[in-house]
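To keep things clear, I will list the structure first and then write my remarks on it.
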Amino acid sequence: DDGYRLWLKYDPIANASQRDAYARAMQFIAVNAATPMVRSATDELRMGLQGLLGKAVPVVTGAGSRTGGIVLEVTPGVSVANDEGYRIEKRQNNIVISAKTDAGVLYGTFALLRHLQTGQSIDPLTLVSSPKVKFRMLNHWDNPNGTIERGYAGGSLWKWYELPETIDPRYKDYARANASLGINGTVVNNVNASPRLLTGEYLQKVAALANVFRPYGIKVYLSVYFAAPKTLGGRTGAGVKTSDPLDPQVRKWWADKIKEIHRYIPDFGGFLVKANSEGEPGPQDYGRTHADGANMLAEAMKPYNGIVIWRAFVYKADPKADRFKAAYEEFTPLDGQFDPKVIVQVKNGPIDFQPREPFSPLFGNMPKTPLGMEFQLTQEYLGFATHLVYEAPLFKECLDSDTYVKGKGSTVAKVVDGSLHGYTQTLMAGVANTGTDRNWTGHPLAQANWYAFGRLAWDHTLSSEGLADEWVKMTLTREPSAVKRITTMLLKSRDIYVDYNTPMGLSRPWAGVHFAPEPWQDKSPRPDWTAVYYHRADSVGVGFDRTASGSNALAQYQPEVRRQWENPQTCPLPYLLWFHHVPWGQKLSTGRTLWDELCTRFYTGADSVQWMQREWAQVKPAVDPVLHADVAGRLATQHREAIWWRDAWVLYLQEYARKPIPAPFKKPDRTLEEVKQLVDIYLLR
Ligand code: BDP
């Protein structure tokens, strides 16, 4: 198995009595509508049942008086929470999948297939579900030259030079996989956007992709380069000399451009914008605000359904500032100023997709502005495609965090799903981890991150455990003890990674390559691009004081949240060094000193990778041999690198702590100098 089929494998159901029971209840597929999305649903069901049951199931128009089959029914009267929801139930001995729209029928169809793939009973059968978030999307950081920023699974799926005439069959499989999760939008290009995608030449190519995705309910969005009017306008002779959002010519340029886009893609989803961030152009270049920039695009989008997604990932190059506070400082004063078409997209944490961050203080603090969630599926800071990190617990930790803005229970999830502040424009985005690798995600088990993200974007109340269990059964094996072992491994993997990588709130020990440990890295054009800026190790202790005596970033949270974190004696250990500079000898709640606790985590984290290797060895008989060998190799690499992380950190911090490695751990068998030399190899060009 090369992993290409993802969780949509549809291998024959091994248990004969279960297969027969399913087959008896699914003797035909009846449809009452003939839209492209219903056709996608029927095709999928036919293919899925053919595989699972080992026989062809015919498609008929309308069930008539027939019983013992599946009925797909688009019907406005069905009782579901919204247009994309579905209801699956037994009616007159038929399995009826009904929804208000064809999109709902498509999602219901995938839900039924998932039910069968995970071997669940169809007697009785009632599955009712509707998405809690309206825009559920992937963000591709794909460049027009075929590379992917922070991509670790090969090149871009989009073959721009072959489009629009040549349609890679993979585009459809990509759409099927997303639709199976309920993902309904995709931003096809990098937020560090090339203006190329906005040219007529490229819009035709984008339109060809949109044509493949449409029957799967997926809309196409584009990341835009804010200075496009000047860059493209100048060349094509339109004579736009500026990209100032308040300039009438610029506003006209965007209005015309959006009109042109809709000629190619009538149901265009909208724009995603990274502006005045990490060197990208933006409205501030002209003395305007983020709201001015976003509203200008929203105004131009007014005649259409499209939306404008404006990213809040900003931090100025101010050597004295705390980057943690930057997005809040720039965006909260703009609350209430954004056009209703604008959604502000916020990364889960205040810094940048670290292995563990507290939730971004923007959540809950912009009550008049819809805030979308941005998670990162690609493992930029999570060990690329060699380390196993199942991210559902990371997503859930953030979504379930309580902001307390409207009292207890004001979770981040309720901000994002709109229920806390009554937003209707709601969004969850995941930075994609897909690429041209045959198995899509490089690490075969990283498929689970795409899977879990999509399912959580649909319903954030699903559990990490449940999603892992589903994914393993659909993708790897249904042998019960193997399912249990792999699920347990997945669930522990993120904490294991955090332990050897950035325990207790250490963060961002990276420089240019976000791969190799470089806690010693102290030279960069900007202080907040060094590692020492984040951990602040010195002879006294380690950690970033963000209390009132330090940067006071904690003041950006509600008092209830602040109180959880502001006292170093009671601050939960996973967040300790995010908020406090703690002396090396300080006794912690574990009974160990800070130094000993850090060492314990680095060592047990690295050792736990060996535990994962042993667990994986145990499941060998239950997993495809090719997949098994692939993961086994990656776990071996992970173990080698985990020890490397451990050694880098303890040897480096020891220079400040001046304390021995506590028993029973043995001191690294290499010197700090040797580790640095090893890291240098990865920094060579
Ligand atoms: C950082 C990445 C960088 C992205 C940036 C962003 O290192 O490649 O462009 O985030 O999200 O994590 O804009």
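Letters A, B, ... mark the chains of the structure tokens in the order given; residue numbers begin at 1 per chain; ligand numbers begin at 1, in order shown.
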
For segment 513-549 of chain A against segment 144-155 of chain A, with a cut-off of 12 Å and counting only C-alpha atoms, what is the closest atom pair and its distance in Å to one decimal for every residue that makes the cut, ordered by chain and number, as JSON lines?
{"residue": "A:Val513", "atom": "CA", "partner": "A:Arg150", "partner_atom": "CA", "distance": 9.7}
{"residue": "A:His514", "atom": "CA", "partner": "A:Arg150", "partner_atom": "CA", "distance": 8.9}
{"residue": "A:Phe515", "atom": "CA", "partner": "A:Arg150", "partner_atom": "CA", "distance": 10.6}

Expected file: the selected residues, C-alpha atoms, as a PDB file, in the first residue's frame:
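Okay, part-v8.pdb is ready:
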ATOM      1  CA  VAL A 513      15.682  26.335   9.130  1.00  0.00           C
ATOM      2  CA  HIS A 514      12.869  25.401  11.468  1.00  0.00           C
ATOM      3  CA  PHE A 515      14.266  21.947  11.842  1.00  0.00           C
TER       4      PHE A 515
END

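Near ligand 1, the residues found within 8 Å are Trp141, Glu149, Arg150, Asn190, Val191, Asn192, Lys274, Ser277, Glu278, Phe313, Asp352, Phe353, Glu380 and His514 of chain A (criterion computed using only C-alpha atoms and all ligand atoms).
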
Discussion item. If we count only C-alpha atoms and set the cut-off at 9 Å, which residues sit around Lys100 of chain A, ignoring sequence neighbours fewer than 6 positions away in its own chain? Please answer as number ranges by chain.
Written reply: A: 73-80, 82-86

Residues from last step as file, N, CA and C atoms, as a tab-separated table (two decimals), in the first residue's frame:
chain	number	residue	atom	x	y	z
A	73	GLU	N	-31.51	11.99	-1.04
A	73	GLU	CA	-32.69	12.83	-1.22
A	73	GLU	C	-32.38	14.29	-0.85
A	74	VAL	N	-32.50	15.16	-1.85
A	74	VAL	CA	-32.40	16.60	-1.57
A	74	VAL	C	-33.81	17.08	-1.32
A	75	THR	N	-34.06	17.58	-0.11
A	75	THR	CA	-35.42	17.98	0.23
A	75	THR	C	-35.40	19.13	1.23
A	76	PRO	N	-36.01	20.25	0.85
A	76	PRO	CA	-35.89	21.45	1.70
A	76	PRO	C	-36.46	21.26	3.10
A	77	GLY	N	-37.42	20.32	3.25
A	77	GLY	CA	-38.11	20.19	4.53
A	77	GLY	C	-37.35	19.43	5.61
A	78	VAL	N	-36.25	18.82	5.28
A	78	VAL	CA	-35.58	17.96	6.25
A	78	VAL	C	-35.12	18.74	7.48
A	79	SER	N	-35.19	18.07	8.63
A	79	SER	CA	-34.85	18.78	9.85
A	79	SER	C	-33.36	18.63	10.18
A	80	VAL	N	-32.58	19.61	9.72
A	80	VAL	CA	-31.14	19.69	10.01
A	80	VAL	C	-30.83	21.15	10.33
A	82	ASN	N	-28.54	23.31	9.33
A	82	ASN	CA	-28.24	24.27	8.26
A	82	ASN	C	-28.12	23.59	6.90
A	83	ASP	N	-27.85	24.39	5.89
A	83	ASP	CA	-27.88	23.92	4.50
A	83	ASP	C	-26.94	22.76	4.20
A	84	GLU	N	-25.83	22.71	4.91
A	84	GLU	CA	-24.87	21.66	4.57
A	84	GLU	C	-25.04	20.41	5.44
A	85	GLY	N	-25.98	20.47	6.38
A	85	GLY	CA	-26.18	19.33	7.28
A	85	GLY	C	-26.88	18.17	6.59
A	86	TYR	N	-26.84	17.02	7.23
A	86	TYR	CA	-27.49	15.83	6.67
A	86	TYR	C	-28.16	15.04	7.78

Response to the item:
atom CA of Thr426 of chain A sits from atom CA of Lys134 of chain A at a separation of 5.2 Å

Worksheet entry | All residues 10 Å or closer to segment 485-492 of chain A, only C-alpha atoms, same chain fewer than 6 positions away omitted, as a ChimeraX atom specification | /A:388-393,445-446,448,464-473,476-477,608-609,611-613,615-616,618-619

Can I get the selected residues back with N, CA and C atoms, as a compact mmCIF listing (two decimals), in the first residue's frame?
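This went into selection_36.txt:
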# COMPACT_ATOMS: atom_id res chain seq x y z
N LEU A 388 6.66 12.05 14.36
CA LEU A 388 5.24 11.76 14.47
C LEU A 388 4.62 12.71 15.49
N VAL A 389 3.76 13.60 15.00
CA VAL A 389 3.00 14.46 15.91
C VAL A 389 1.56 14.49 15.42
N TYR A 390 0.70 13.82 16.15
CA TYR A 390 -0.74 13.86 15.84
C TYR A 390 -1.27 15.15 16.47
N GLU A 391 -1.79 16.02 15.61
CA GLU A 391 -2.08 17.38 16.06
C GLU A 391 -3.46 17.60 16.66
N ALA A 392 -4.34 16.62 16.59
CA ALA A 392 -5.69 16.88 17.12
C ALA A 392 -5.65 17.38 18.57
N PRO A 393 -4.81 16.81 19.44
CA PRO A 393 -4.79 17.34 20.82
C PRO A 393 -4.34 18.81 20.87
N LEU A 445 1.63 8.80 8.65
CA LEU A 445 0.71 9.06 9.76
C LEU A 445 0.30 10.53 9.84
N ALA A 446 0.97 11.39 9.09
CA ALA A 446 0.58 12.80 9.07
C ALA A 446 -0.73 13.01 8.31
N ALA A 448 -3.28 11.79 9.25
CA ALA A 448 -4.24 11.93 10.36
C ALA A 448 -4.45 13.39 10.72
N SER A 464 -10.24 14.01 20.12
CA SER A 464 -8.98 13.57 19.51
C SER A 464 -8.94 12.05 19.43
N GLU A 465 -9.43 11.40 20.50
CA GLU A 465 -9.43 9.93 20.56
C GLU A 465 -10.31 9.35 19.46
N GLY A 466 -11.54 9.87 19.39
CA GLY A 466 -12.49 9.36 18.42
C GLY A 466 -11.97 9.53 16.99
N LEU A 467 -11.36 10.67 16.72
CA LEU A 467 -10.87 10.93 15.37
C LEU A 467 -9.69 10.03 15.04
N ALA A 468 -8.83 9.80 16.02
CA ALA A 468 -7.69 8.91 15.79
C ALA A 468 -8.20 7.50 15.50
N ASP A 469 -9.16 7.08 16.30
CA ASP A 469 -9.73 5.74 16.13
C ASP A 469 -10.33 5.55 14.73
N GLU A 470 -11.13 6.53 14.31
CA GLU A 470 -11.73 6.48 12.96
C GLU A 470 -10.66 6.40 11.89
N TRP A 471 -9.70 7.31 12.03
CA TRP A 471 -8.70 7.40 10.96
C TRP A 471 -7.88 6.11 10.87
N VAL A 472 -7.49 5.57 12.00
CA VAL A 472 -6.70 4.34 11.99
C VAL A 472 -7.50 3.21 11.35
N LYS A 473 -8.76 3.09 11.74
CA LYS A 473 -9.58 2.00 11.19
C LYS A 473 -9.77 2.14 9.68
N LEU A 476 -5.40 2.29 8.31
CA LEU A 476 -4.31 1.37 8.59
C LEU A 476 -4.75 -0.06 8.88
N THR A 477 -5.67 -0.22 9.78
CA THR A 477 -6.05 -1.57 10.19
C THR A 477 -7.33 -1.51 11.02
N SER A 608 10.86 8.25 25.07
CA SER A 608 9.51 7.83 24.68
C SER A 608 9.41 7.57 23.18
N VAL A 609 10.32 8.14 22.41
CA VAL A 609 10.30 7.82 20.98
C VAL A 609 10.63 6.34 20.79
N TRP A 611 9.82 4.08 22.91
CA TRP A 611 8.56 3.40 23.25
C TRP A 611 7.65 3.35 22.01
N MET A 612 7.57 4.46 21.27
CA MET A 612 6.73 4.47 20.07
C MET A 612 7.27 3.45 19.05
N GLN A 613 8.59 3.35 18.96
CA GLN A 613 9.18 2.38 18.03
C GLN A 613 8.77 0.95 18.41
N GLU A 615 6.12 0.05 20.16
CA GLU A 615 4.69 -0.13 19.91
C GLU A 615 4.43 -0.39 18.42
N TRP A 616 5.13 0.37 17.60
CA TRP A 616 4.93 0.22 16.17
C TRP A 616 5.39 -1.16 15.71
N GLN A 618 5.14 -3.82 17.34
CA GLN A 618 4.08 -4.76 17.75
C GLN A 618 2.94 -4.86 16.74
N VAL A 619 2.68 -3.78 16.02
CA VAL A 619 1.51 -3.81 15.14
C VAL A 619 1.86 -4.30 13.73
